Structures are given as structure tokens and as C-alpha cells.
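Reading through the C-alpha cells given below for one structure.
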Amino acid sequence: MKKFFIVAAAMMALYTTNVNAVELDTNGRDPNYVETIMQRSKKVTDALNISGTEKGEQVLNIVANRYFKLNDIYAERDSLKAVAKTMTGEEKKRKMEYAEMLKDQKLYKSHFGFIADLSVYLTDAEVETVKDVLTYNVVNVTYKAQCDMIPTLKEEEKVQILAWLKEGREYAIDAESSKKKHEAFGKYKGRINNWLSKRGYNLTKEREEWAKRVKARGETL
């Protein structure tokens, strides 16, 4: 029994050492770019209220490394496309499609790795916070606005709307720019609006009435 506890303690120590060893991927990167990314990543640890802690340092590095990884993936795509543009006909088309396919494959594979890395240090609720910070809190802002605009929404409709917004957020996390992140959400907002219209909601009228209520509260849309 004593031997068992010794082995267990040793394994736990080894696990802790591995967990606490998130290396920042700065090799070959411009120091000014790295500093910009670190400041951007700190918004996450600030939101989690863990900046300056050991846990915060690990999460900070994970988030920064994600930014670096995304930059590498999109830079590779752009490089392949630059070469493809020197070609013509079917060869050009194939090379352009390959660049996009390779980018999508790498985004898909690394996306789940990023979430898994975060989950080593964070609870599910904290991971949700990370996702929201990285996507400008669009899920919560949009969901709140949707419920405020249509106060008669059924509970199952609210659940579906939130689910679609969170699905859009998964794509937005991997987008290459602020504009692309909002475009990812835009597709799902359009899906939600079409779905609500088919369920009998007059969205034009709902927006008009909502605007009146907001104005009466002394607020603006």
C-alpha cells in the first residue's frame, strides 16, 4: 500500500510538471508582433481574473499560441495562393482549392486541440468566457437583443437561437480577422431570422415595436 502511494505521488508530480509547462511559441517571430499578441491575449486572463497568477500565465500562453497558430495557418494559405495566381486554367483552380482545403484541415484539427489545452486549466464555464472574449461577446449581446426584441419567444426557441449562436462562435474563433469573425456570426444570424420568419414571426414589426420600447426606456439600439 505504501508503495502504491509513493508511485501515485510520483505520477501526480510528473503530471503537474507537464501541465505547468506551456511554452510560448515565439521562435522566429517579430518581438513587436509577440508583444501585441500578448497584450491581446491578456484580455482573456483579465476577464477570468487570473492575470499574474501561475494559472493565468499558462492560459495566457495557450491563447497567445493560438493566435500564432492561426497566423501561421493563414500565412501558409496566402503563400500557396500567391503561387497559384501565377498559374492559369485548371492548374490554378486546383492549387487555389488546395490552399483552402489545407487551411480548413489545419483549422479543424487545431481548433479542438486549443479547447483541450484550455480545459486542462479551466472549467467549462471559464472556457466559455475565453470563447466570448475572443469573439467580442457577440453570442451574449445578440442573444440578449433577440430576446428583448421578441419577448414572446418560447423557451425551446431561445434554446435553439443560443445553440446556433454558439455554433457560429466556433467558426468565429478561428476566423482570420474581426471582419471575418462577424461574417461567421452573420451567417447564423441570417439562419435564425429565416427560421423565426417561417415560425410566423413578423420580424419587421417586431423590430419596430422593439425600437419603440427601447426609446421609451431612454436607450438606443
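In the C-alpha cells, chains take letters A, B, ... by order of appearance, with residues numbered from 1 within each chain and ligands from 1 in the order shown.
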
Can you pull out the residues contacting segment 112-126 of chain A? Cut-off 8 Å, using only C-alpha atoms, and skip same-chain residues under 4 positions away; I want them as a VMD selection string. chain A and resid 19 48 55 58 to 59 62 66 108 130

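Note that atom CA of Val44 of chain A and atom CA of Val127 of chain A are 10.0 Å apart.
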
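Counting only C-alpha atoms, Leu24 of chain A has the following residues at most 10 Å away, ignoring those fewer than 3 positions along the same chain: Ala21, Asn27, Val34, Met38, Gln58, Leu60, Asn61, Ile62, Val63, Ala64, Asn65 and Phe68 of chain A.
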
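Using only C-alpha atoms for every distance, the candidate list A:Tyr98, A:Trp164, A:Trp210, A:Tyr171 yields A:Trp164 as the residue closest to Gly190 of chain A.
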
Identify which of the residues A:Tyr33, A:Asn202, A:Arg94, A:Thr129 lies closest to Thr45 of chain A, counting only C-alpha atoms when measuring atom-to-atom distances. A:Thr129

Would you mind reading off the distance between atom CA of Asp25 of chain A and atom CA of Val133 of chain A, one decimal, in Å?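 Atom CA of Val133 of chain A lies at a distance of 21.4 Å from atom CA of Asp25 of chain A.
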
For the atom pair atom CA of Lys205 of chain A and atom CA of Ile192 of chain A, what is the interatomic distance in Å to one decimal place? 16.3 Å
